[in-house]
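A.B. asks: mmCIF, C-alpha atoms and all ligand atoms, file query.cif:
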data_protein
#
loop_
_atom_site.group_PDB
_atom_site.id
_atom_site.type_symbol
_atom_site.label_atom_id
_atom_site.label_comp_id
_atom_site.auth_asym_id
_atom_site.auth_seq_id
_atom_site.Cartn_x
_atom_site.Cartn_y
_atom_site.Cartn_z
ATOM 1 C CA MET A 1 47.566 -53.500 -36.379
ATOM 2 C CA ARG A 2 48.012 -52.155 -32.838
ATOM 3 C CA HIS A 3 49.687 -49.116 -31.294
ATOM 4 C CA PHE A 4 51.146 -48.717 -27.795
ATOM 5 C CA ILE A 5 50.363 -45.116 -26.852
ATOM 6 C CA THR A 6 49.181 -45.709 -23.298
ATOM 7 C CA LEU A 7 48.589 -48.849 -21.253
ATOM 8 C CA ASN A 8 44.891 -48.384 -21.945
ATOM 9 C CA ASP A 9 45.662 -49.734 -25.437
ATOM 10 C CA ILE A 10 46.052 -53.248 -24.031
ATOM 11 C CA ASN A 11 43.867 -55.348 -21.745
ATOM 12 C CA ALA A 12 44.991 -57.299 -18.679
ATOM 13 C CA ASP A 13 45.416 -60.586 -20.590
ATOM 14 C CA GLU A 14 47.541 -58.883 -23.228
ATOM 15 C CA PHE A 15 49.617 -57.217 -20.511
ATOM 16 C CA ASN A 16 50.312 -60.573 -18.861
ATOM 17 C CA ARG A 17 51.009 -62.182 -22.230
ATOM 18 C CA MET A 18 53.574 -59.468 -23.014
ATOM 19 C CA LEU A 19 55.251 -60.022 -19.642
ATOM 20 C CA ASP A 20 55.422 -63.768 -20.368
ATOM 21 C CA ILE A 21 57.002 -63.178 -23.790
ATOM 22 C CA SER A 22 59.523 -60.798 -22.209
ATOM 23 C CA ALA A 23 60.417 -63.327 -19.523
ATOM 24 C CA SER A 24 61.098 -66.022 -22.086
ATOM 25 C CA ILE A 25 63.114 -63.588 -24.239
ATOM 26 C CA LYS A 26 65.212 -62.630 -21.202
ATOM 27 C CA GLU A 27 65.777 -66.277 -20.313
ATOM 28 C CA GLN A 28 66.859 -67.130 -23.866
ATOM 29 C CA LEU A 29 69.258 -64.182 -23.981
ATOM 30 C CA LYS A 30 70.863 -65.208 -20.685
ATOM 31 C CA GLN A 31 71.383 -68.711 -22.119
ATOM 32 C CA GLY A 32 72.952 -67.213 -25.243
ATOM 33 C CA ASN A 33 70.507 -69.057 -27.435
ATOM 34 C CA TYR A 34 67.866 -66.838 -28.989
ATOM 35 C CA SER A 35 65.834 -66.508 -32.166
ATOM 36 C CA GLN A 36 65.555 -63.344 -34.271
ATOM 37 C CA PRO A 37 61.852 -62.848 -34.967
ATOM 38 C CA LEU A 38 62.325 -59.284 -36.248
ATOM 39 C CA LYS A 39 64.921 -60.163 -38.880
ATOM 40 C CA ASP A 40 65.147 -57.399 -41.507
ATOM 41 C CA LYS A 41 62.597 -55.219 -39.660
ATOM 42 C CA VAL A 42 63.418 -51.569 -38.966
ATOM 43 C CA LEU A 43 62.372 -49.353 -36.051
ATOM 44 C CA ALA A 44 62.455 -45.555 -36.521
ATOM 45 C CA MET A 45 62.927 -43.701 -33.221
ATOM 46 C CA ILE A 46 62.032 -40.007 -33.019
ATOM 47 C CA PHE A 47 63.476 -38.121 -30.033
ATOM 48 C CA GLU A 48 62.420 -34.575 -29.121
ATOM 49 C CA LYS A 49 63.822 -35.094 -25.601
ATOM 50 C CA GLN A 50 67.010 -36.555 -24.151
ATOM 51 C CA SER A 51 67.358 -40.249 -23.347
ATOM 52 C CA LEU A 52 69.814 -42.899 -22.234
ATOM 53 C CA ARG A 53 67.744 -45.980 -21.340
ATOM 54 C CA THR A 54 64.973 -45.652 -23.909
ATOM 55 C CA ARG A 55 67.332 -45.227 -26.831
ATOM 56 C CA VAL A 56 69.816 -47.907 -25.806
ATOM 57 C CA SER A 57 67.163 -50.464 -24.856
ATOM 58 C CA PHE A 58 65.218 -50.075 -28.107
ATOM 59 C CA GLU A 59 68.351 -49.993 -30.250
ATOM 60 C CA THR A 60 69.930 -53.017 -28.543
ATOM 61 C CA GLY A 61 66.578 -54.783 -28.491
ATOM 62 C CA MET A 62 66.031 -54.403 -32.235
ATOM 63 C CA TYR A 63 69.582 -55.588 -32.924
ATOM 64 C CA GLN A 64 69.171 -58.679 -30.744
ATOM 65 C CA LEU A 65 65.829 -59.465 -32.402
ATOM 66 C CA GLY A 66 67.555 -59.482 -35.787
ATOM 67 C CA GLY A 67 66.371 -56.057 -36.945
ATOM 68 C CA ASN A 68 67.757 -52.558 -37.074
ATOM 69 C CA SER A 69 66.890 -49.100 -35.783
ATOM 70 C CA ILE A 70 67.292 -45.504 -36.899
ATOM 71 C CA TYR A 71 67.756 -42.637 -34.434
ATOM 72 C CA LEU A 72 66.012 -39.436 -35.527
ATOM 73 C CA GLY A 73 66.845 -36.431 -33.362
ATOM 74 C CA ALA A 74 66.689 -32.671 -33.846
ATOM 75 C CA GLU A 75 67.737 -32.960 -37.508
ATOM 76 C CA ILE A 76 64.236 -33.947 -38.616
ATOM 77 C CA GLY A 77 62.770 -30.745 -37.133
ATOM 78 C CA PHE A 78 59.786 -32.557 -35.651
ATOM 79 C CA GLY A 79 56.740 -30.274 -35.514
ATOM 80 C CA LYS A 80 58.555 -27.535 -37.449
ATOM 81 C CA ARG A 81 59.857 -28.806 -40.760
ATOM 82 C CA GLU A 82 56.782 -30.707 -41.948
ATOM 83 C CA SER A 83 53.446 -31.901 -40.658
ATOM 84 C CA ILE A 84 53.122 -34.870 -38.307
ATOM 85 C CA LYS A 85 50.825 -36.493 -40.883
ATOM 86 C CA ASP A 86 53.526 -36.331 -43.570
ATOM 87 C CA ILE A 87 56.175 -37.692 -41.178
ATOM 88 C CA ALA A 88 53.885 -40.578 -40.204
ATOM 89 C CA GLU A 89 53.071 -41.490 -43.812
ATOM 90 C CA VAL A 90 56.670 -41.264 -45.013
ATOM 91 C CA LEU A 91 58.055 -43.341 -42.138
ATOM 92 C CA SER A 92 55.256 -45.898 -42.542
ATOM 93 C CA SER A 93 56.242 -46.371 -46.174
ATOM 94 C CA MET A 94 59.785 -47.393 -45.211
ATOM 95 C CA VAL A 95 59.996 -48.808 -41.687
ATOM 96 C CA ASN A 96 58.055 -51.441 -39.736
ATOM 97 C CA ILE A 97 57.607 -49.774 -36.327
ATOM 98 C CA ILE A 98 57.867 -46.171 -35.078
ATOM 99 C CA MET A 99 58.862 -45.093 -31.560
ATOM 100 C CA PHE A 100 58.293 -41.509 -30.436
ATOM 101 C CA ARG A 101 59.603 -39.613 -27.408
ATOM 102 C CA GLY A 102 58.359 -36.065 -27.281
ATOM 103 C CA MET A 103 56.980 -33.007 -25.636
ATOM 104 C CA LYS A 104 53.259 -33.211 -26.262
ATOM 105 C CA HIS A 105 51.173 -36.340 -25.859
ATOM 106 C CA GLN A 106 48.960 -35.121 -28.695
ATOM 107 C CA SER A 107 51.922 -35.536 -31.089
ATOM 108 C CA VAL A 108 52.165 -39.291 -30.530
ATOM 109 C CA VAL A 109 48.392 -39.609 -30.815
ATOM 110 C CA GLU A 110 48.543 -37.795 -34.161
ATOM 111 C CA LEU A 111 51.488 -39.897 -35.373
ATOM 112 C CA SER A 112 49.516 -43.052 -34.630
ATOM 113 C CA ARG A 113 46.457 -41.692 -36.429
ATOM 114 C CA TYR A 114 48.351 -41.368 -39.709
ATOM 115 C CA SER A 115 50.799 -44.255 -39.354
ATOM 116 C CA SER A 116 50.104 -47.562 -41.049
ATOM 117 C CA VAL A 117 52.715 -49.301 -38.863
ATOM 118 C CA PRO A 118 52.611 -49.701 -35.043
ATOM 119 C CA VAL A 119 53.566 -46.596 -33.036
ATOM 120 C CA ILE A 120 55.128 -46.877 -29.566
ATOM 121 C CA ASN A 121 55.060 -44.057 -27.019
ATOM 122 C CA GLY A 122 58.589 -43.770 -25.624
ATOM 123 C CA LEU A 123 57.502 -41.002 -23.179
ATOM 124 C CA THR A 124 55.419 -37.874 -23.469
ATOM 125 C CA ASP A 125 54.394 -35.275 -20.907
ATOM 126 C CA GLU A 126 51.381 -37.476 -20.068
ATOM 127 C CA ALA A 127 52.597 -41.061 -20.115
ATOM 128 C CA HIS A 128 55.560 -43.446 -20.113
ATOM 129 C CA PRO A 129 53.966 -46.833 -20.811
ATOM 130 C CA CYS A 130 57.222 -48.645 -21.723
ATOM 131 C CA GLN A 131 58.582 -47.748 -18.297
ATOM 132 C CA ALA A 132 55.541 -49.117 -16.460
ATOM 133 C CA LEU A 133 55.544 -52.266 -18.588
ATOM 134 C CA ALA A 134 59.191 -52.901 -17.670
ATOM 135 C CA ASP A 135 58.566 -52.017 -14.017
ATOM 136 C CA MET A 136 55.793 -54.584 -13.709
ATOM 137 C CA PHE A 137 58.186 -57.073 -15.288
ATOM 138 C CA THR A 138 60.766 -56.231 -12.587
ATOM 139 C CA LEU A 139 58.217 -56.469 -9.763
ATOM 140 C CA ARG A 140 56.919 -59.798 -11.055
ATOM 141 C CA GLU A 141 60.459 -61.128 -11.419
ATOM 142 C CA ILE A 142 61.203 -60.332 -7.776
ATOM 143 C CA PHE A 143 57.850 -60.934 -6.059
ATOM 144 C CA GLY A 144 55.974 -63.323 -8.367
ATOM 145 C CA GLU A 145 52.183 -62.795 -8.457
ATOM 146 C CA LEU A 146 51.417 -59.095 -8.008
ATOM 147 C CA ARG A 147 47.656 -59.180 -7.436
ATOM 148 C CA GLY A 148 46.741 -57.506 -4.145
ATOM 149 C CA ARG A 149 50.309 -56.279 -3.512
ATOM 150 C CA LYS A 150 50.921 -52.626 -2.714
ATOM 151 C CA LEU A 151 53.107 -50.277 -4.758
ATOM 152 C CA ALA A 152 53.894 -46.859 -3.248
ATOM 153 C CA TRP A 153 54.634 -43.747 -5.274
ATOM 154 C CA VAL A 154 56.230 -40.792 -3.449
ATOM 155 C CA GLY A 155 56.606 -37.342 -5.069
ATOM 156 C CA ASP A 156 55.233 -35.737 -8.226
ATOM 157 C CA ALA A 157 52.239 -37.640 -9.677
ATOM 158 C CA ASN A 158 53.735 -37.322 -13.151
ATOM 159 C CA ASN A 159 53.804 -39.160 -16.503
ATOM 160 C CA VAL A 160 55.509 -42.218 -14.993
ATOM 161 C CA ALA A 161 53.021 -42.294 -12.092
ATOM 162 C CA VAL A 162 50.072 -42.196 -14.529
ATOM 163 C CA SER A 163 51.431 -45.219 -16.352
ATOM 164 C CA LEU A 164 52.042 -47.096 -13.097
ATOM 165 C CA LEU A 165 48.481 -46.283 -12.041
ATOM 166 C CA ARG A 166 47.178 -47.901 -15.241
ATOM 167 C CA ALA A 167 49.501 -50.870 -14.805
ATOM 168 C CA SER A 168 48.367 -51.347 -11.197
ATOM 169 C CA ALA A 169 44.717 -51.269 -12.249
ATOM 170 C CA LYS A 170 45.368 -53.859 -14.937
ATOM 171 C CA LEU A 171 47.346 -56.246 -12.735
ATOM 172 C CA GLY A 172 45.152 -55.790 -9.648
ATOM 173 C CA MET A 173 47.655 -53.991 -7.423
ATOM 174 C CA LYS A 174 47.095 -51.436 -4.694
ATOM 175 C CA PHE A 175 48.636 -48.126 -5.776
ATOM 176 C CA SER A 176 49.257 -45.538 -3.087
ATOM 177 C CA VAL A 177 50.409 -42.075 -4.097
ATOM 178 C CA ALA A 178 51.914 -39.621 -1.605
ATOM 179 C CA ALA A 179 52.173 -36.119 -3.054
ATOM 180 C CA PRO A 180 51.503 -32.520 -2.056
ATOM 181 C CA LYS A 181 48.092 -31.329 -3.255
ATOM 182 C CA LYS A 182 49.523 -29.318 -6.143
ATOM 183 C CA PHE A 183 51.287 -32.357 -7.647
ATOM 184 C CA GLN A 184 48.757 -35.032 -6.665
ATOM 185 C CA PHE A 185 46.245 -36.793 -8.954
ATOM 186 C CA ASP A 186 42.783 -35.298 -9.115
ATOM 187 C CA PRO A 187 40.639 -38.021 -7.465
ATOM 188 C CA LYS A 188 37.797 -37.246 -9.877
ATOM 189 C CA LYS A 189 40.009 -38.109 -12.852
ATOM 190 C CA ILE A 190 41.360 -41.475 -11.670
ATOM 191 C CA ASP A 191 38.670 -43.582 -13.354
ATOM 192 C CA THR A 192 39.141 -41.747 -16.640
ATOM 193 C CA LEU A 193 42.911 -42.160 -16.420
ATOM 194 C CA ILE A 194 42.591 -45.925 -16.157
ATOM 195 C CA GLY A 195 40.203 -45.936 -19.121
ATOM 196 C CA GLY A 196 37.106 -46.629 -17.015
ATOM 197 C CA LYS A 197 36.527 -48.844 -13.967
ATOM 198 C CA ASN A 198 36.085 -51.893 -16.233
ATOM 199 C CA ASN A 199 39.793 -51.744 -16.977
ATOM 200 C CA ALA A 200 40.688 -52.578 -13.374
ATOM 201 C CA THR A 201 40.985 -56.178 -12.194
ATOM 202 C CA ASP A 202 40.424 -57.739 -8.741
ATOM 203 C CA GLY A 203 42.794 -56.474 -6.095
ATOM 204 C CA TYR A 204 43.196 -52.976 -7.557
ATOM 205 C CA GLU A 205 42.868 -50.120 -5.099
ATOM 206 C CA ILE A 206 43.950 -46.510 -5.274
ATOM 207 C CA GLU A 207 44.981 -44.419 -2.280
ATOM 208 C CA LEU A 208 45.834 -40.718 -2.558
ATOM 209 C CA THR A 209 47.507 -39.119 0.452
ATOM 210 C CA ASP A 210 49.873 -36.314 1.374
ATOM 211 C CA ASP A 211 51.646 -38.560 3.887
ATOM 212 C CA PRO A 212 54.614 -40.556 2.493
ATOM 213 C CA PHE A 213 54.706 -42.795 5.600
ATOM 214 C CA LYS A 214 51.085 -43.788 5.070
ATOM 215 C CA ALA A 215 51.760 -44.543 1.390
ATOM 216 C CA VAL A 216 54.762 -46.798 1.973
ATOM 217 C CA LYS A 217 53.190 -48.790 4.836
ATOM 218 C CA ASN A 218 52.933 -52.480 3.804
ATOM 219 C CA SER A 219 54.268 -51.711 0.322
ATOM 220 C CA ILE A 220 56.536 -54.113 -1.552
ATOM 221 C CA ALA A 221 58.127 -51.261 -3.512
ATOM 222 C CA VAL A 222 58.726 -47.563 -2.983
ATOM 223 C CA TYR A 223 58.974 -45.682 -6.270
ATOM 224 C CA THR A 224 59.958 -42.100 -6.964
ATOM 225 C CA ASP A 225 60.991 -39.958 -9.924
ATOM 226 C CA VAL A 226 62.490 -36.524 -10.502
ATOM 227 C CA TRP A 227 60.559 -33.538 -9.182
ATOM 228 C CA VAL A 228 61.224 -31.606 -12.402
ATOM 229 C CA SER A 229 60.459 -33.597 -15.529
ATOM 230 C CA MET A 230 61.800 -32.737 -18.967
ATOM 231 C CA GLY A 231 59.936 -29.672 -20.204
ATOM 232 C CA GLN A 232 59.190 -28.352 -16.678
ATOM 233 C CA GLU A 233 62.534 -26.621 -16.126
ATOM 234 C CA ALA A 234 60.903 -23.197 -15.643
ATOM 235 C CA GLU A 235 59.110 -24.540 -12.536
ATOM 236 C CA GLU A 236 62.273 -25.959 -10.957
ATOM 237 C CA GLU A 237 62.522 -23.704 -7.894
ATOM 238 C CA GLU A 238 58.832 -23.955 -6.979
ATOM 239 C CA ARG A 239 58.764 -27.737 -7.441
ATOM 240 C CA LYS A 240 61.899 -28.279 -5.359
ATOM 241 C CA LYS A 241 60.416 -26.262 -2.511
ATOM 242 C CA ILE A 242 56.991 -27.941 -2.496
ATOM 243 C CA LEU A 243 58.245 -31.486 -3.045
ATOM 244 C CA ASN A 244 61.102 -31.266 -0.543
ATOM 245 C CA PRO A 245 59.227 -33.204 2.218
ATOM 246 C CA TYR A 246 58.762 -36.099 -0.235
ATOM 247 C CA GLN A 247 62.379 -37.224 -0.441
ATOM 248 C CA VAL A 248 62.838 -40.998 -0.272
ATOM 249 C CA ASN A 249 65.432 -41.584 2.438
ATOM 250 C CA ALA A 250 66.408 -44.453 4.744
ATOM 251 C CA LYS A 251 63.832 -43.451 7.364
ATOM 252 C CA LEU A 252 60.998 -43.619 4.836
ATOM 253 C CA MET A 253 62.259 -46.922 3.403
ATOM 254 C CA SER A 254 62.257 -48.426 6.888
ATOM 255 C CA ALA A 255 58.498 -47.748 7.107
ATOM 256 C CA ALA A 256 57.822 -50.034 4.100
ATOM 257 C CA ARG A 257 57.785 -53.847 4.310
ATOM 258 C CA LYS A 258 61.080 -55.390 5.424
ATOM 259 C CA ASP A 259 61.605 -56.939 1.975
ATOM 260 C CA ALA A 260 60.516 -53.802 0.081
ATOM 261 C CA ILE A 261 62.600 -52.628 -2.848
ATOM 262 C CA PHE A 262 63.351 -49.126 -4.065
ATOM 263 C CA LEU A 263 62.551 -48.232 -7.675
ATOM 264 C CA HIS A 264 63.305 -45.152 -9.793
ATOM 265 C CA CYS A 265 62.885 -44.928 -13.571
ATOM 266 C CA LEU A 266 66.117 -42.889 -13.746
ATOM 267 C CA PRO A 267 67.768 -40.508 -14.384
ATOM 268 C CA ALA A 268 67.780 -39.591 -10.652
ATOM 269 C CA ARG A 269 68.692 -36.285 -9.031
ATOM 270 C CA ARG A 270 70.568 -37.739 -6.075
ATOM 271 C CA GLY A 271 70.141 -35.637 -2.938
ATOM 272 C CA LEU A 272 66.751 -34.324 -4.087
ATOM 273 C CA GLU A 273 63.991 -36.927 -4.589
ATOM 274 C CA VAL A 274 66.221 -39.722 -3.269
ATOM 275 C CA THR A 275 69.314 -39.915 -1.076
ATOM 276 C CA ASP A 276 72.580 -41.600 -2.090
ATOM 277 C CA GLU A 277 72.056 -43.933 0.842
ATOM 278 C CA VAL A 278 68.830 -45.334 -0.641
ATOM 279 C CA MET A 279 70.044 -45.322 -4.261
ATOM 280 C CA ASP A 280 73.122 -47.342 -3.294
ATOM 281 C CA SER A 281 71.425 -49.623 -0.749
ATOM 282 C CA SER A 282 70.777 -53.333 -1.202
ATOM 283 C CA GLN A 283 67.055 -52.503 -1.412
ATOM 284 C CA SER A 284 67.661 -50.452 -4.547
ATOM 285 C CA LYS A 285 66.851 -52.342 -7.771
ATOM 286 C CA VAL A 286 67.268 -49.389 -10.121
ATOM 287 C CA ILE A 287 69.949 -50.990 -12.307
ATOM 288 C CA LEU A 288 67.980 -54.226 -12.752
ATOM 289 C CA GLN A 289 64.960 -52.032 -13.414
ATOM 290 C CA ALA A 290 66.843 -50.193 -16.185
ATOM 291 C CA GLU A 291 68.117 -53.478 -17.664
ATOM 292 C CA ASN A 292 64.579 -54.813 -17.768
ATOM 293 C CA ARG A 293 63.583 -52.012 -20.160
ATOM 294 C CA LEU A 294 65.511 -54.030 -22.738
ATOM 295 C CA HIS A 295 63.753 -57.342 -22.099
ATOM 296 C CA ALA A 296 60.257 -55.899 -21.618
ATOM 297 C CA GLN A 297 60.430 -53.784 -24.771
ATOM 298 C CA LYS A 298 61.692 -56.729 -26.804
ATOM 299 C CA GLY A 299 58.501 -58.503 -25.719
ATOM 300 C CA LEU A 300 56.517 -55.440 -26.769
ATOM 301 C CA LEU A 301 58.246 -55.228 -30.171
ATOM 302 C CA VAL A 302 57.651 -58.909 -30.887
ATOM 303 C CA TRP A 303 54.025 -58.650 -29.753
ATOM 304 C CA LEU A 304 53.339 -55.516 -31.831
ATOM 305 C CA SER A 305 54.979 -56.943 -34.929
ATOM 306 C CA GLY A 306 52.712 -59.972 -34.698
ATOM 307 C CA ASN A 307 55.755 -62.252 -34.976
ATOM 308 C CA LEU A 308 55.082 -64.397 -31.938
HETATM 309 N N1 LIG B 1 63.707 -44.054 -17.731
HETATM 310 C C1 LIG B 1 63.941 -43.543 -18.951
HETATM 311 O O1 LIG B 1 63.063 -43.466 -19.808
HETATM 312 O O2 LIG B 1 65.234 -43.161 -19.155
HETATM 313 P P1 LIG B 1 65.756 -42.260 -20.345
HETATM 314 O O3 LIG B 1 65.085 -40.917 -20.206
HETATM 315 O O4 LIG B 1 67.233 -42.162 -20.159
HETATM 316 O O5 LIG B 1 65.391 -42.895 -21.657
HETATM 317 N N1 LIG B 2 59.268 -37.890 -15.422
HETATM 318 C C1 LIG B 2 60.520 -37.912 -16.150
HETATM 319 C C2 LIG B 2 60.842 -39.289 -16.589
HETATM 320 C C3 LIG B 2 62.140 -39.454 -17.317
HETATM 321 C C4 LIG B 2 62.393 -40.866 -17.750
HETATM 322 C C5 LIG B 2 60.437 -36.953 -17.331
HETATM 323 O O1 LIG B 2 59.409 -36.916 -18.007
HETATM 324 O O2 LIG B 2 61.412 -36.219 -17.558
#
With the file now loaded, output its structure as structure tokens.
Ligand code: CP
Ligand code: NVA
C.D. replies:
Amino acid sequence: MRHFITLNDINADEFNRMLDISASIKEQLKQGNYSQPLKDKVLAMIFEKQSLRTRVSFETGMYQLGGNSIYLGAEIGFGKRESIKDIAEVLSSMVNIIMFRGMKHQSVVELSRYSSVPVINGLTDEAHPCQALADMFTLREIFGELRGRKLAWVGDANNVAVSLLRASAKLGMKFSVAAPKKFQFDPKKIDTLIGGKNNATDGYEIELTDDPFKAVKNSIAVYTDVWVSMGQEAEEEERKKILNPYQVNAKLMSAARKDAIFLHCLPARRGLEVTDEVMDSSQSKVILQAENRLHAQKGLLVWLSGNL
């Protein structure tokens, strides 16, 4: 039995295998002719934070795979009403997979420790592996082989950036991160974040810079996210001030490759980390990117359930 807490839980072959399953699932859905390998299976989804894409993609995904899902929000009093161990054991006795979106990364680690069914991390303060899985699916769909290609991240080196770093290491991409010092990765921690150098494959390179133009040069995709993630609201004013020079606008996009795309995990704060002009441009693939959460996570669900 496997969990999906960070991308370090899977190796490069498994990552590619999952992307292949997702591609075939997407193809079958588009042809209106698909099997239901998760018939009668149930996914419990715990949400401590808000969501549009994660909830809808998992719920729709389970339905299309022949199963069902249960949304568990504030009413279960996660972390207050009973212990995480008890929640994990009770849910494991009734459902087949658990998805958790929450405040502290340690909570999903603890859930997985006591769960006897697979646990999926649907975002914590430290990681968003489902997002990076789907994003690599999107990049592969548009550009084909990703090895040696450059992905640029501009802005806060946050939970999404950590997961993209791990994904880049696994698939052998160059990952360039432009951020102000305060919100940049600690270079000494990069190897630990990717689970050790052995986890990287040929073609992987990491570049940390404070210059967005340097980061986007020769990149096939420019990626940004909100400057204030869920749970960081108290730091809003400071973050907006420090990250202001890191807005993705048309001038920055024009410094990337001619065929470069713009990515954002969404939700976006238009006018802050990205301009309307870029969000609504033909380079922007954010809606396809959101749609691909559905297909990529269906691949993940099928893979985790062992029902290949
Ligand atoms: N990108 C993403 O996870 O979106 P939601 O927060 O709406 O689920
Ligand atoms: N970094 C953002 C991602 C939202 C999908 C957050 O954690 O709020």
A.B. asks: Work out where the centre of an axis-aligned box around every listed atom of stretch 273-281 of chain A lies and how long its edges are once 5 Å is added on each side; give both in Å to one decimal as lines of an AutoDock Vina configuration file.
C.D. replies:
center_x = 68.6
center_y = -43.3
center_z = -1.9
size_x = 19.1
size_y = 22.7
size_z = 15.4
A.B. asks: Would you work out the distance separating atom CA of A:Lys30 from atom CA of A:Ala134, expressed in Å to one decimal?
C.D. replies: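 Calculated distance between atom CA of A:Lys30 and atom CA of A:Ala134 is 17.2 Å.
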A.B. asks: Around ligand LIG 1 (chain B), which protein and nucleic acid residues have at least one atom no more than 10 Å from it, if we count only C-alpha atoms and all ligand atoms? List them as an NGL selection string.
C.D. replies: :A and (47 or 49-58 or 101 or 122-123 or 128-132 or 134 or 160 or 225 or 229-230 or 264-268 or 286 or 289-290 or 293)
A.B. asks: Take the selection from the previous step and output its residues with C-alpha atoms, as a JSON list (two decimals), in the coordinates of the input.
C.D. replies:
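File written: part11.json
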[["chain", "number", "residue", "atom", "x", "y", "z"],
["A", 47, "PHE", "CA", 63.48, -38.12, -30.03],
["A", 49, "LYS", "CA", 63.82, -35.09, -25.60],
["A", 50, "GLN", "CA", 67.01, -36.56, -24.15],
["A", 51, "SER", "CA", 67.36, -40.25, -23.35],
["A", 52, "LEU", "CA", 69.81, -42.90, -22.23],
["A", 53, "ARG", "CA", 67.74, -45.98, -21.34],
["A", 54, "THR", "CA", 64.97, -45.65, -23.91],
["A", 55, "ARG", "CA", 67.33, -45.23, -26.83],
["A", 56, "VAL", "CA", 69.82, -47.91, -25.81],
["A", 57, "SER", "CA", 67.16, -50.46, -24.86],
["A", 58, "PHE", "CA", 65.22, -50.08, -28.11],
["A", 101, "ARG", "CA", 59.60, -39.61, -27.41],
["A", 122, "GLY", "CA", 58.59, -43.77, -25.62],
["A", 123, "LEU", "CA", 57.50, -41.00, -23.18],
["A", 128, "HIS", "CA", 55.56, -43.45, -20.11],
["A", 129, "PRO", "CA", 53.97, -46.83, -20.81],
["A", 130, "CYS", "CA", 57.22, -48.64, -21.72],
["A", 131, "GLN", "CA", 58.58, -47.75, -18.30],
["A", 132, "ALA", "CA", 55.54, -49.12, -16.46],
["A", 134, "ALA", "CA", 59.19, -52.90, -17.67],
["A", 160, "VAL", "CA", 55.51, -42.22, -14.99],
["A", 225, "ASP", "CA", 60.99, -39.96, -9.92],
["A", 229, "SER", "CA", 60.46, -33.60, -15.53],
["A", 230, "MET", "CA", 61.80, -32.74, -18.97],
["A", 264, "HIS", "CA", 63.30, -45.15, -9.79],
["A", 265, "CYS", "CA", 62.88, -44.93, -13.57],
["A", 266, "LEU", "CA", 66.12, -42.89, -13.75],
["A", 267, "PRO", "CA", 67.77, -40.51, -14.38],
["A", 268, "ALA", "CA", 67.78, -39.59, -10.65],
["A", 286, "VAL", "CA", 67.27, -49.39, -10.12],
["A", 289, "GLN", "CA", 64.96, -52.03, -13.41],
["A", 290, "ALA", "CA", 66.84, -50.19, -16.18],
["A", 293, "ARG", "CA", 63.58, -52.01, -20.16]]
A.B. asks: Pick from A:Thr138, A:Pro118, A:Gly66, A:Asp86: nearest to A:Leu304, with all atoms listed in the file counted?
C.D. replies: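 Under the stated criterion, the closest residue is A:Pro118.
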A.B. asks: Which residue is closest to A:Glu141? Choose from A:Ser284, A:Thr124, A:Ser22, A:Ser83 and count all atoms listed in the file.
C.D. replies: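 Distance minimum relative to A:Glu141 lands on A:Ser22.
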